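What follows is the content of entry.csv (CSV, C-alpha atoms and all ligand atoms).
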```
chain,number,residue,atom,x,y,z
A,15,MET,CA,85.5,43.4,54.6
A,16,THR,CA,88.1,41.9,56.8
A,17,ASP,CA,91.3,43.8,55.8
A,18,PRO,CA,92.0,46.3,58.6
A,19,GLY,CA,93.6,48.7,56.1
A,20,GLU,CA,90.4,48.7,54.1
A,21,ARG,CA,88.3,49.2,57.2
A,22,LEU,CA,90.5,52.1,58.2
A,23,ARG,CA,90.2,53.8,54.8
A,24,SER,CA,86.4,53.3,54.6
A,25,SER,CA,85.8,54.5,58.2
A,26,LEU,CA,87.7,57.6,57.3
A,27,ALA,CA,85.8,58.0,54.1
A,28,ALA,CA,82.5,57.9,56.1
A,29,ASP,CA,83.7,61.0,58.0
A,30,LEU,CA,84.2,63.2,54.9
A,31,PRO,CA,82.8,66.7,55.4
A,32,PRO,CA,79.8,67.5,53.2
A,33,ALA,CA,81.0,71.0,52.4
A,34,ALA,CA,84.0,73.2,52.9
A,35,ALA,CA,81.8,75.8,54.6
A,36,GLU,CA,81.4,73.5,57.5
A,37,PHE,CA,85.1,73.4,58.4
A,38,ASP,CA,84.5,75.6,61.4
A,39,SER,CA,83.7,73.0,64.0
A,40,PRO,CA,86.0,70.6,65.8
A,41,ILE,CA,84.2,67.7,64.1
A,42,ALA,CA,84.6,69.2,60.7
A,43,MET,CA,88.2,69.9,61.4
A,44,GLU,CA,88.7,66.3,62.3
A,45,ALA,CA,86.9,65.2,59.1
A,46,MET,CA,89.2,67.4,57.1
A,47,ARG,CA,92.2,65.8,58.7
A,48,ALA,CA,90.7,62.4,57.8
A,49,THR,CA,90.2,63.7,54.3
A,50,ARG,CA,93.9,64.4,54.1
A,51,VAL,CA,94.6,60.9,55.1
A,52,LEU,CA,92.2,59.7,52.5
A,53,HIS,CA,93.4,62.0,49.7
A,54,ALA,CA,93.5,59.9,46.5
A,55,GLY,CA,97.2,60.0,45.9
A,56,ASP,CA,98.0,59.4,49.6
A,57,GLN,CA,96.0,56.2,49.6
A,58,ASP,CA,98.8,54.5,47.7
A,59,PRO,CA,101.0,52.3,49.9
A,60,PHE,CA,103.7,54.2,51.9
A,61,PRO,CA,107.0,54.2,50.1
A,62,ALA,CA,109.4,51.5,51.1
A,63,PRO,CA,112.7,52.6,52.7
A,64,GLY,CA,115.9,52.5,50.7
A,65,ARG,CA,117.2,50.0,53.2
A,66,ILE,CA,115.9,48.1,56.2
A,67,ARG,CA,115.4,50.7,59.0
A,68,VAL,CA,116.0,49.6,62.5
A,69,LEU,CA,114.5,52.2,64.8
A,70,THR,CA,115.0,52.3,68.5
A,71,ILE,CA,112.2,54.1,70.3
A,72,ALA,CA,113.8,55.4,73.4
A,73,ASN,CA,113.4,57.9,76.2
A,74,GLN,CA,114.3,57.0,79.8
A,75,LYS,CA,111.4,59.2,81.0
A,76,GLY,CA,108.4,57.0,81.8
A,77,GLY,CA,105.0,57.4,80.2
A,78,VAL,CA,106.0,59.7,77.3
A,79,GLY,CA,104.4,57.5,74.6
A,80,LYS,CA,107.2,55.1,73.6
A,81,THR,CA,105.1,52.0,73.5
A,82,THR,CA,102.0,53.8,72.1
A,83,SER,CA,104.1,55.3,69.3
A,84,THR,CA,105.9,52.0,68.6
A,85,VAL,CA,102.6,50.1,68.3
A,86,ASN,CA,100.7,52.7,66.3
A,87,LEU,CA,103.5,53.7,63.9
A,88,GLY,CA,104.1,50.0,63.4
A,89,VAL,CA,100.4,49.3,62.6
A,90,ALA,CA,100.1,52.4,60.4
A,91,LEU,CA,103.2,51.3,58.4
A,92,SER,CA,102.0,47.8,58.0
A,93,LEU,CA,98.4,48.8,57.0
A,94,PHE,CA,99.9,50.9,54.3
A,95,GLY,CA,101.8,48.1,52.8
A,96,LEU,CA,105.2,47.8,54.6
A,97,ARG,CA,106.5,44.8,56.5
A,98,VAL,CA,107.1,45.6,60.1
A,99,LEU,CA,108.7,43.8,63.0
A,100,VAL,CA,108.0,45.2,66.5
A,101,ILE,CA,110.4,44.0,69.2
A,102,ASP,CA,109.1,44.5,72.7
A,103,LEU,CA,112.1,45.1,74.9
A,104,ASP,CA,110.2,46.2,78.0
A,105,PRO,CA,109.5,43.6,80.7
A,106,GLN,CA,106.1,45.3,81.2
A,107,GLY,CA,105.1,43.8,77.8
A,108,ASN,CA,102.8,46.7,77.0
A,109,ALA,CA,103.6,46.6,73.2
A,110,SER,CA,102.8,42.9,73.2
A,111,THR,CA,99.5,43.5,74.9
A,112,ALA,CA,98.5,46.3,72.4
A,113,LEU,CA,99.3,44.0,69.5
A,114,GLY,CA,97.2,41.2,70.9
A,115,VAL,CA,100.3,39.0,71.4
A,116,GLU,CA,100.4,36.5,74.4
A,117,HIS,CA,103.2,37.3,76.8
A,118,VAL,CA,102.6,35.1,79.9
A,119,VAL,CA,105.6,33.5,81.4
A,120,GLY,CA,106.7,30.6,79.2
A,121,THR,CA,105.7,32.3,75.9
A,122,PRO,CA,108.8,32.3,73.5
A,123,SER,CA,110.0,35.9,73.9
A,124,ILE,CA,112.8,38.3,73.4
A,125,TYR,CA,114.2,37.0,76.7
A,126,ASP,CA,115.0,33.6,75.0
A,127,ALA,CA,116.8,35.4,72.2
A,128,LEU,CA,118.8,37.7,74.5
A,129,VAL,CA,119.7,35.4,77.3
A,130,GLY,CA,119.1,32.0,75.7
A,131,GLU,CA,120.0,30.5,72.3
A,132,ALA,CA,116.6,31.1,70.5
A,133,THR,CA,116.7,32.7,67.1
A,134,LEU,CA,114.5,35.7,66.6
A,135,ALA,CA,112.4,33.6,64.1
A,136,GLU,CA,111.6,31.2,66.9
A,137,VAL,CA,110.2,34.0,69.2
A,138,THR,CA,108.4,36.1,66.5
A,139,HIS,CA,104.6,35.9,66.7
A,140,PRO,CA,101.9,37.1,64.3
A,141,THR,CA,99.7,40.0,65.4
A,142,THR,CA,96.0,40.7,65.2
A,143,ALA,CA,96.6,44.1,63.6
A,144,SER,CA,97.9,43.1,60.2
A,145,PRO,CA,99.6,40.1,58.4
A,146,ASN,CA,102.4,42.5,57.6
A,147,LEU,CA,103.1,43.2,61.3
A,148,ARG,CA,104.9,40.7,63.5
A,149,CYS,CA,106.0,41.0,67.0
A,150,VAL,CA,108.6,39.6,69.4
A,151,PRO,CA,106.9,39.8,72.8
A,152,ALA,CA,108.4,40.5,76.2
A,153,THR,CA,107.6,38.5,79.2
A,154,ILE,CA,108.3,39.4,82.8
A,155,ASP,CA,111.4,37.2,82.6
A,156,LEU,CA,113.0,40.1,80.8
A,157,ALA,CA,113.2,41.9,84.1
A,158,GLY,CA,116.0,39.6,85.2
A,159,ALA,CA,117.8,39.8,81.9
A,160,GLU,CA,119.9,42.9,82.8
A,161,ILE,CA,121.4,40.9,85.7
A,162,GLU,CA,121.8,37.7,83.8
A,163,LEU,CA,123.4,39.4,80.9
A,164,VAL,CA,126.1,41.0,83.0
A,165,SER,CA,128.4,37.9,82.8
A,166,VAL,CA,127.6,37.2,79.1
A,167,VAL,CA,130.3,37.9,76.5
A,168,ALA,CA,129.5,41.0,74.3
A,169,ARG,CA,126.4,41.5,76.3
A,170,GLU,CA,125.7,44.9,74.7
A,171,HIS,CA,125.6,43.3,71.2
A,172,ARG,CA,123.2,40.4,71.9
A,173,LEU,CA,120.1,42.1,70.3
A,174,ARG,CA,122.0,43.4,67.3
A,175,ARG,CA,123.5,40.0,66.6
A,176,SER,CA,120.1,38.4,66.9
A,177,ILE,CA,118.5,40.9,64.6
A,178,GLU,CA,121.3,40.6,62.0
A,179,ALA,CA,121.2,36.8,62.0
A,180,HIS,CA,117.4,36.9,61.6
A,181,LEU,CA,117.4,39.4,58.7
A,182,HIS,CA,120.2,37.5,56.9
A,183,ALA,CA,118.3,34.2,57.3
A,184,LEU,CA,115.0,35.6,55.9
A,185,PRO,CA,114.3,35.5,52.2
A,186,ALA,CA,114.4,39.1,50.8
A,187,GLU,CA,110.7,39.2,50.2
A,188,GLU,CA,110.0,38.5,53.8
A,189,ARG,CA,112.5,40.9,55.4
A,190,PRO,CA,110.8,43.6,57.3
A,191,HIS,CA,111.1,47.1,56.0
A,192,TYR,CA,111.0,48.4,59.5
A,193,VAL,CA,112.2,47.0,62.8
A,194,LEU,CA,110.8,49.0,65.7
A,195,ILE,CA,112.3,48.4,69.2
A,196,ASP,CA,110.3,49.5,72.2
A,197,CYS,CA,112.6,50.4,75.1
A,198,PRO,CA,111.9,50.3,78.8
A,199,PRO,CA,112.0,53.6,80.7
A,200,SER,CA,115.6,53.3,81.8
A,201,LEU,CA,119.1,53.6,80.4
A,202,GLY,CA,120.1,50.1,81.5
A,203,LEU,CA,121.5,47.2,79.6
A,204,LEU,CA,118.3,46.6,77.7
A,205,THR,CA,118.1,50.1,76.3
A,206,LEU,CA,121.9,49.9,75.6
A,207,ASN,CA,121.3,46.7,73.6
A,208,ALA,CA,118.6,48.6,71.6
A,209,LEU,CA,120.9,51.5,70.9
A,210,VAL,CA,123.6,49.1,69.7
A,211,ALA,CA,121.1,47.3,67.5
A,212,GLY,CA,119.5,50.3,65.9
A,213,ASP,CA,120.6,52.5,63.1
A,214,GLU,CA,118.3,55.3,64.2
A,215,VAL,CA,116.7,56.5,67.4
A,216,LEU,CA,113.2,57.8,67.5
A,217,ILE,CA,112.6,59.9,70.7
A,218,PRO,CA,109.0,60.5,71.6
A,219,ILE,CA,108.6,63.7,73.7
A,220,GLN,CA,105.5,64.4,75.7
A,221,CYS,CA,104.2,68.0,75.3
A,222,GLU,CA,104.3,68.5,79.1
A,223,TYR,CA,106.3,70.4,81.7
A,224,TYR,CA,109.6,68.5,82.5
A,225,ALA,CA,109.4,66.9,79.0
A,226,LEU,CA,112.9,67.9,78.2
A,227,GLU,CA,114.4,66.9,81.5
A,228,GLY,CA,116.6,63.9,81.2
A,229,LEU,CA,116.9,64.3,77.5
A,230,GLY,CA,120.4,65.6,77.8
A,231,GLN,CA,121.4,62.4,79.5
A,232,LEU,CA,119.7,60.3,76.8
A,233,LEU,CA,121.6,62.2,74.1
A,234,SER,CA,124.9,61.9,75.9
A,235,ASN,CA,124.3,58.2,76.3
A,236,ILE,CA,123.6,57.9,72.5
A,237,GLU,CA,126.9,59.8,71.9
A,238,LEU,CA,128.8,57.3,74.1
A,239,VAL,CA,127.2,54.4,72.2
A,240,ARG,CA,128.2,56.1,68.9
A,241,ALA,CA,131.8,56.6,70.1
A,242,HIS,CA,132.3,53.1,71.5
A,243,LEU,CA,129.7,50.5,70.4
A,244,ASN,CA,127.7,51.5,67.4
A,245,PRO,CA,129.3,54.2,65.2
A,246,GLY,CA,126.2,54.2,62.9
A,247,ILE,CA,123.6,55.3,65.4
A,248,VAL,CA,121.9,58.6,64.9
A,249,VAL,CA,118.9,60.4,66.4
A,250,SER,CA,116.8,60.6,63.2
A,251,THR,CA,113.3,61.4,64.5
A,252,ILE,CA,111.6,63.3,67.3
A,253,LEU,CA,107.8,62.7,67.7
A,254,LEU,CA,105.8,65.1,69.8
A,255,THR,CA,103.1,63.2,71.8
A,256,MET,CA,100.1,63.9,74.0
A,257,TYR,CA,99.8,67.4,72.6
A,258,ASP,CA,96.9,69.2,74.2
A,259,GLY,CA,95.9,72.2,72.0
A,260,ARG,CA,94.0,73.8,74.8
A,261,THR,CA,97.1,74.6,76.8
A,262,LYS,CA,99.8,77.2,76.1
A,263,LEU,CA,102.3,74.9,77.7
A,264,ALA,CA,101.9,72.3,75.0
A,265,ASP,CA,102.8,74.9,72.4
A,266,GLN,CA,105.7,76.2,74.4
A,267,VAL,CA,107.1,72.7,74.7
A,268,ALA,CA,106.6,72.0,71.0
A,269,ASP,CA,108.3,75.3,70.1
A,270,GLU,CA,111.2,74.6,72.3
A,271,VAL,CA,111.7,71.1,70.9
A,272,ARG,CA,111.5,72.4,67.3
A,273,ASN,CA,114.0,75.2,68.1
A,274,HIS,CA,116.4,72.6,69.5
A,275,PHE,CA,116.0,69.7,67.2
A,276,GLY,CA,114.9,71.5,64.0
A,277,GLU,CA,114.0,69.1,61.1
A,278,LEU,CA,114.4,66.0,63.2
A,279,VAL,CA,111.0,66.8,64.6
A,280,LEU,CA,108.1,65.3,62.6
A,281,SER,CA,105.6,68.0,61.6
A,282,SER,CA,102.8,65.6,62.5
A,283,VAL,CA,102.0,65.9,66.2
A,284,ILE,CA,100.1,63.2,68.2
A,285,PRO,CA,97.3,64.8,70.2
A,286,ARG,CA,96.1,63.7,73.6
A,287,ASN,CA,93.2,61.5,72.7
A,288,VAL,CA,91.2,59.2,74.9
A,289,ARG,CA,90.8,56.6,72.1
A,290,VAL,CA,94.6,56.2,72.1
A,291,SER,CA,94.6,55.2,75.7
A,292,GLU,CA,91.6,53.0,75.5
A,293,ALA,CA,92.8,50.9,72.6
A,294,PRO,CA,95.4,48.7,74.4
A,295,GLY,CA,92.7,47.6,76.8
A,296,TYR,CA,91.2,45.8,73.8
A,297,GLY,CA,94.5,44.4,72.7
A,298,GLN,CA,94.4,46.8,69.8
A,299,SER,CA,96.1,49.8,68.2
A,300,VAL,CA,94.1,53.0,67.9
A,301,LEU,CA,94.1,52.5,64.2
A,302,THR,CA,92.1,49.3,64.4
A,303,TYR,CA,90.1,50.3,67.5
A,304,ASP,CA,88.8,53.7,66.3
A,305,PRO,CA,90.2,54.4,62.8
A,306,GLY,CA,88.5,57.8,62.5
A,307,SER,CA,89.8,59.2,65.8
A,308,ARG,CA,92.3,62.0,65.9
A,309,GLY,CA,94.7,59.7,67.5
A,310,SER,CA,94.4,57.3,64.6
A,311,THR,CA,94.7,59.9,61.8
A,312,SER,CA,97.7,61.6,63.5
A,313,TYR,CA,99.6,58.3,63.8
A,314,VAL,CA,98.9,57.6,60.1
A,315,GLU,CA,100.2,61.1,59.2
A,316,ALA,CA,103.3,60.6,61.4
A,317,ALA,CA,104.0,57.2,59.9
A,318,ARG,CA,103.6,58.5,56.4
A,319,GLU,CA,106.1,61.3,57.2
A,320,LEU,CA,108.5,58.7,58.6
A,321,ALA,CA,108.1,56.5,55.5
A,322,VAL,CA,108.6,59.4,53.1
A,323,ARG,CA,111.8,60.4,54.9
A,324,GLY,CA,112.9,56.8,54.8
A,325,ALA,CA,112.4,56.5,51.0
A,326,ASP,CA,115.2,59.0,50.5
A,327,LEU,CA,117.7,56.9,52.5
A,328,GLY,CA,120.5,55.3,50.6
A,329,PRO,CA,122.5,52.4,51.9
A,330,LEU,CA,124.3,53.1,55.1
A,331,VAL,CA,127.6,54.9,54.6
A,332,PRO,CA,130.3,52.5,55.9
A,333,VAL,CA,131.3,53.7,59.4
A,334,GLN,CA,134.6,53.4,61.1
A,335,GLN,CA,135.2,50.3,63.2
A,336,ALA,CA,134.6,50.7,66.9
A,337,PRO,CA,137.8,51.1,68.9
A,338,ALA,CA,139.7,47.9,69.5
A,339,ALA,CA,139.0,48.0,73.3
A,340,VAL,CA,135.4,47.3,72.5
A,341,ALA,CA,134.2,44.0,71.1
A,342,PRO,CA,133.4,44.6,67.4
A,343,VAL,CA,130.1,43.5,66.0
A,344,ALA,CA,130.9,40.1,64.3
A,345,ALA,CA,128.0,39.8,62.0
A,346,PRO,CA,128.0,41.7,58.7
A,347,PRO,CA,126.4,45.2,58.9
A,348,LEU,CA,122.8,45.7,58.1
A,349,ASN,CA,123.8,47.9,55.1
A,350,ALA,CA,124.8,44.7,53.4
A,351,LEU,CA,121.2,43.8,53.2
A,352,VAL,CA,119.1,45.2,50.5
A,353,LEU,CA,115.4,44.7,50.5
A,354,GLY,CA,114.2,42.7,47.5
A,355,GLN,CA,117.6,41.4,46.9
A,356,SER,CA,117.6,38.1,45.0
A,357,ALA,CA,118.3,34.8,46.8
A,358,ALA,CA,121.3,34.2,44.5
A,359,ALA,CA,122.8,37.6,45.4
A,360,ARG,CA,122.2,36.8,49.1
A,361,SER,CA,123.8,33.4,49.0
A,362,GLN,CA,126.8,35.0,47.3
A,363,GLU,CA,126.9,37.7,49.9
A,364,ASP,CA,126.6,35.1,52.8
A,365,SER,CA,129.2,32.8,51.4
B,401,LIG,N1,98.2,60.5,72.5
B,401,LIG,C1,97.7,60.0,73.7
B,401,LIG,N2,96.6,60.4,74.2
B,401,LIG,C2,96.1,59.9,75.4
B,401,LIG,N3,96.8,59.0,76.1
B,401,LIG,C3,98.0,58.5,75.6
B,401,LIG,C4,98.5,59.0,74.4
B,401,LIG,N4,99.7,58.4,74.2
B,401,LIG,C5,99.9,57.6,75.3
B,401,LIG,N5,98.9,57.7,76.1
B,401,LIG,C6,98.7,57.0,77.4
B,401,LIG,O1,99.8,57.4,78.3
B,401,LIG,C7,100.3,56.3,79.0
B,401,LIG,C8,101.8,56.2,78.7
B,401,LIG,O2,102.0,55.9,77.3
B,401,LIG,P1,103.0,54.8,76.9
B,401,LIG,O3,102.8,53.5,77.7
B,401,LIG,O4,103.0,54.7,75.5
B,401,LIG,O5,104.3,55.4,77.4
B,401,LIG,P2,105.8,54.8,77.6
B,401,LIG,O6,106.8,55.8,77.3
B,401,LIG,O7,105.9,53.5,76.7
B,401,LIG,O8,105.7,54.4,79.1
B,401,LIG,P3,106.8,53.5,79.9
B,401,LIG,O9,107.9,54.4,80.1
B,401,LIG,O10,106.2,53.0,81.1
B,401,LIG,O11,107.2,52.3,79.0
B,401,LIG,C9,99.5,55.1,78.6
B,401,LIG,O12,98.4,54.9,79.5
B,401,LIG,C10,98.9,55.5,77.2
B,401,LIG,O13,97.7,54.8,76.9
B,402,MG,MG,106.4,51.6,77.3
```
In structure tokens, how does this file's structure come out?
Ligand SMILES: Nc1ncnc2c1ncn2[C@@H]1O[C@H](COP(=O)(O)OP(=O)(O)OP(=O)(O)O)[C@@H](O)[C@H]1O
Ligand SMILES: [Mg+2]
Amino acid sequence: MTDPGERLRSSLAADLPPAAAEFDSPIAMEAMRATRVLHAGDQDPFPAPGRIRVLTIANQKGGVGKTTSTVNLGVALSLFGLRVLVIDLDPQGNASTALGVEHVVGTPSIYDALVGEATLAEVTHPTTASPNLRCVPATIDLAGAEIELVSVVAREHRLRRSIEAHLHALPAEERPHYVLIDCPPSLGLLTLNALVAGDEVLIPIQCEYYALEGLGQLLSNIELVRAHLNPGIVVSTILLTMYDGRTKLADQVADEVRNHFGELVLSSVIPRNVRVSEAPGYGQSVLTYDPGSRGSTSYVEAARELAVRGADLGPLVPVQQAPAAVAPVAAPPLNALVLGQSAAARSQEDS
């Protein structure tokens, strides 16, 4: 049995509780959660989104779970049947590491697409997690990109143009359903590129004190991007991470976030779980490293929720052009791309 999705499902199956009466221990609770993941109907592939979803995973606060969420949501979506492209936009290259993708200096990477002339196809690598999941790695070269990009024309649009050109060039059946962009912990030019490239922002929020600090600045930056550079960008998803059920503080933070952001907050919460933090050391996601762990099952649940919400999405509503003072995006918008569209329709559209 080599398929990681199959391994995940059978590992979870092995944890099934023998009787409902035993649901009173932490282990039994965990098994019950695994059962939910395994529920017959739920084992079907996740629903495909109504259009390609480009999700920017951003929070300028460091260590809140951006990379962990990008990787594990990406792996969960791909193991449950969806095509995913993860773009590592952090010079630390942590997402590349967790996906088992080489990122030593010299590896074709996102740097070559942003600063150089490489196409995204040329810098996209397969991953060890799933054939459905591909990754554009980041090398340490990217650390210099913010300075190198300063003098480049339309520097905020580099990533968007690269993604759009890539998606248009791919045959419909190879286009990813999800493009996940892992941002560095700053609001510099790299994160700006990711906000201009995305249709949606997913903000991971750590269930800790100070979690909400700096969030206002992120939200006002997103507003600025919406006003001047990317009218289509919305904060669509908030994910609570590193939840520690033993502390009152975690509940208080979760309540506060839910009061503020309402339905944007996924009901699935990612617990603090040591398996999640161990997995990258083995070049793996937690889903492949320890499929039955609480970290794994919670990321599967969060990914399912994300996918179910995405299934209701229609094509993007055409948005107003950016003000003339700002360089407009030259490439056709992503809403022109429909998943599964025939080659003939595409060539007509591209002509
Ligand atoms: N649910 C979790 N349980 C335990 N540890 C976690 C969990 N999520 C993330 N971690 C650990 O917390 C640390 C920070 O996570 P991560 O790297 O995903 O955050 P980040 O927001 O991407 O950080 P940065 O801002 O540096 O890019 C990592 O060591 C990671 O393994
Ligand atoms: Mg990170």
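CA of Tyr296 (chain A) is found 21.9 Å from CA of Cys197 (chain A).
Using only C-alpha atoms and all ligand atoms, we find that the residues with an atom at most 9 Å from any atom of ligand MG 402 (chain B) are Gly76, Gly77, Val78, Gly79, Lys80, Thr81, Thr82, Thr84, Asp102, Leu103, Asp104, Gln106, Gly107, Asn108, Ala109, Asp196, Cys197, Pro198 and Pro199 of chain A.
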message: Which residue is closest to ligand LIG 401 (chain B)? Choose from A:Pro190, A:Pro59, A:Pro40, A:Gly295 and count all atoms listed in the file.
response: A:Gly295
With 10 Å as the cut-off and all atoms listed in the file counted, what is the closest atom pair between each nearby residue of region 60-171 of chain A and region 300-305 of chain A? Distances in Å to one decimal, ordered by chain and number, as JSON lines.
```
{"residue": "A:Thr82", "atom": "CA", "partner": "A:Val300", "partner_atom": "CA", "distance": 9.0}
{"residue": "A:Val85", "atom": "CA", "partner": "A:Val300", "partner_atom": "CA", "distance": 9.0}
{"residue": "A:Asn86", "atom": "CA", "partner": "A:Val300", "partner_atom": "CA", "distance": 6.8}
{"residue": "A:Leu87", "atom": "CA", "partner": "A:Leu301", "partner_atom": "CA", "distance": 9.5}
{"residue": "A:Val89", "atom": "CA", "partner": "A:Leu301", "partner_atom": "CA", "distance": 7.2}
{"residue": "A:Ala90", "atom": "CA", "partner": "A:Leu301", "partner_atom": "CA", "distance": 7.1}
{"residue": "A:Leu93", "atom": "CA", "partner": "A:Leu301", "partner_atom": "CA", "distance": 9.2}
{"residue": "A:Ala112", "atom": "CA", "partner": "A:Val300", "partner_atom": "CA", "distance": 9.2}
{"residue": "A:Thr142", "atom": "CA", "partner": "A:Thr302", "partner_atom": "CA", "distance": 9.5}
{"residue": "A:Ala143", "atom": "CA", "partner": "A:Thr302", "partner_atom": "CA", "distance": 6.9}
{"residue": "A:Ser144", "atom": "CA", "partner": "A:Thr302", "partner_atom": "CA", "distance": 9.5}
```
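Proximity of A:Leu201, A:Met256, A:Leu233, A:Val288 to Lys75 (chain A), computed with only C-alpha atoms, is greatest for A:Leu201.
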message: Given all atoms listed in the file as the basis, pick out the residue of A:Leu147, A:Ala268, A:Ala72, A:Ile154 nearest to Tyr192 (chain A).
response: A:Leu147
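Closest approach to ligand LIG 401 (chain B) among A:Ala241, A:Leu327, A:Ile247, A:Ile217 is made by A:Ile217 (distances from all atoms listed in the file).
The smallest atom-to-atom distance between ligand LIG 401 (chain B) and any of A:Leu229, A:Val249, A:Ile219, A:Ala159, using only C-alpha atoms and all ligand atoms, is found for A:Ile219.
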task: Name the residues in contact with Val98 (chain A) at a cut-off of 8 Å, using all atoms listed in the file, excluding same-chain residues fewer than 4 positions from it; report them as a PyMOL selection string.
output: chain A and resi 88+91-92+146-148+190-194
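Closest approach to ligand LIG 401 (chain B) among A:Leu216, A:Val164, A:Leu181, A:Val271: A:Leu216, based on all atoms listed in the file.
Across the structure, CA of Gly306 (chain A) and CA of Arg318 (chain A) are spaced 16.3 Å apart.
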Would you give the centre and edge lengths, in Å to one decimal, of a box along x, y and z around the listed atoms of ligand LIG 401 (chain B), with 4 Å added to each side, as lines of an AutoDock Vina configuration file?
```
center_x = 102.0
center_y = 56.4
center_z = 76.8
size_x = 19.8
size_y = 16.2
size_z = 16.6
```
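Surrounding residues of (108.7, 63.6, 65.6) at most 7 Å away are Pro218, Thr251, Ile252, Leu253, Leu254, Leu278, Val279, Leu280, Ser281 and Ser282 of chain A (based on only C-alpha atoms).
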message: I'd like the neighbourhood of Tyr125 (chain A) as a VMD selection string, where a residue qualifies if any of its atoms comes within 8 Å (using only C-alpha atoms), though same-chain residues fewer than 3 positions away should be ignored.
response: chain A and resid 122 128 to 130 152 to 153 155 to 156 159
query: Which polymer residues have any atom within 8 Å of an atom of Ile195 (chain A), counting all atoms listed in the file, with same-chain residues fewer than 4 positions away left out, as a ChimeraX atom specification?
result: /A:68-71,84,100-103,208
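Here CA of His139 (chain A) is placed at a distance of 19.6 Å from CA of Ser83 (chain A).
By chain and then residue number, the residues within 8 Å of region 134-136 of chain A are Pro122, Ile124, Ala127, Val150, Ser176, Ile177 and His180 of chain A, counting all atoms listed in the file and disregarding those fewer than 3 positions away in sequence.
Within 8 Å of the point (89.4, 64.3, 71.9), counting all atoms listed in the file, the protein and nucleic acid residues come to A:Arg286, A:Asn287, A:Val288, A:Arg289, A:Ser307, A:Arg308.
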Take region 180-194 of chain A, model N, CA and C atoms, and hand the result over as a PDB file, in the coordinates of the input.
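Resulting contents of out-v4.pdb:
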```pdb
ATOM      1  N   HIS A 180     118.796  37.140  62.050  1.00  0.00           N
ATOM      2  CA  HIS A 180     117.400  36.900  61.600  1.00  0.00           C
ATOM      3  C   HIS A 180     117.213  37.508  60.199  1.00  0.00           C
ATOM      4  N   LEU A 181     117.666  38.734  60.005  1.00  0.00           N
ATOM      5  CA  LEU A 181     117.400  39.400  58.700  1.00  0.00           C
ATOM      6  C   LEU A 181     118.204  38.667  57.607  1.00  0.00           C
ATOM      7  N   HIS A 182     119.385  38.190  57.922  1.00  0.00           N
ATOM      8  CA  HIS A 182     120.200  37.500  56.900  1.00  0.00           C
ATOM      9  C   HIS A 182     119.511  36.145  56.551  1.00  0.00           C
ATOM     10  N   ALA A 183     118.851  35.526  57.537  1.00  0.00           N
ATOM     11  CA  ALA A 183     118.300  34.200  57.300  1.00  0.00           C
ATOM     12  C   ALA A 183     116.964  34.291  56.503  1.00  0.00           C
ATOM     13  N   LEU A 184     116.285  35.439  56.562  1.00  0.00           N
ATOM     14  CA  LEU A 184     115.000  35.600  55.900  1.00  0.00           C
ATOM     15  C   LEU A 184     115.166  35.755  54.388  1.00  0.00           C
ATOM     16  N   PRO A 185     114.258  35.190  53.580  1.00  0.00           N
ATOM     17  CA  PRO A 185     114.300  35.500  52.200  1.00  0.00           C
ATOM     18  C   PRO A 185     113.990  37.023  51.985  1.00  0.00           C
ATOM     19  N   ALA A 186     114.542  37.634  50.939  1.00  0.00           N
ATOM     20  CA  ALA A 186     114.400  39.100  50.800  1.00  0.00           C
ATOM     21  C   ALA A 186     112.992  39.565  50.831  1.00  0.00           C
ATOM     22  N   GLU A 187     112.078  38.784  50.237  1.00  0.00           N
ATOM     23  CA  GLU A 187     110.700  39.200  50.200  1.00  0.00           C
ATOM     24  C   GLU A 187     109.969  39.137  51.509  1.00  0.00           C
ATOM     25  N   GLU A 188     110.611  38.542  52.493  1.00  0.00           N
ATOM     26  CA  GLU A 188     110.000  38.500  53.800  1.00  0.00           C
ATOM     27  C   GLU A 188     110.678  39.378  54.843  1.00  0.00           C
ATOM     28  N   ARG A 189     111.782  39.987  54.435  1.00  0.00           N
ATOM     29  CA  ARG A 189     112.500  40.900  55.400  1.00  0.00           C
ATOM     30  C   ARG A 189     111.624  42.077  55.709  1.00  0.00           C
ATOM     31  N   PRO A 190     111.564  42.432  56.988  1.00  0.00           N
ATOM     32  CA  PRO A 190     110.800  43.600  57.300  1.00  0.00           C
ATOM     33  C   PRO A 190     111.432  44.878  56.746  1.00  0.00           C
ATOM     34  N   HIS A 191     110.581  45.826  56.350  1.00  0.00           N
ATOM     35  CA  HIS A 191     111.100  47.100  56.000  1.00  0.00           C
ATOM     36  C   HIS A 191     111.517  47.918  57.204  1.00  0.00           C
ATOM     37  N   TYR A 192     110.749  47.703  58.268  1.00  0.00           N
ATOM     38  CA  TYR A 192     111.000  48.400  59.500  1.00  0.00           C
ATOM     39  C   TYR A 192     111.094  47.449  60.680  1.00  0.00           C
ATOM     40  N   VAL A 193     112.117  47.646  61.509  1.00  0.00           N
ATOM     41  CA  VAL A 193     112.200  47.000  62.800  1.00  0.00           C
ATOM     42  C   VAL A 193     112.096  48.047  63.857  1.00  0.00           C
ATOM     43  N   LEU A 194     111.063  47.964  64.687  1.00  0.00           N
ATOM     44  CA  LEU A 194     110.800  49.000  65.700  1.00  0.00           C
ATOM     45  C   LEU A 194     111.074  48.342  67.081  1.00  0.00           C
TER      46      LEU A 194
END
```
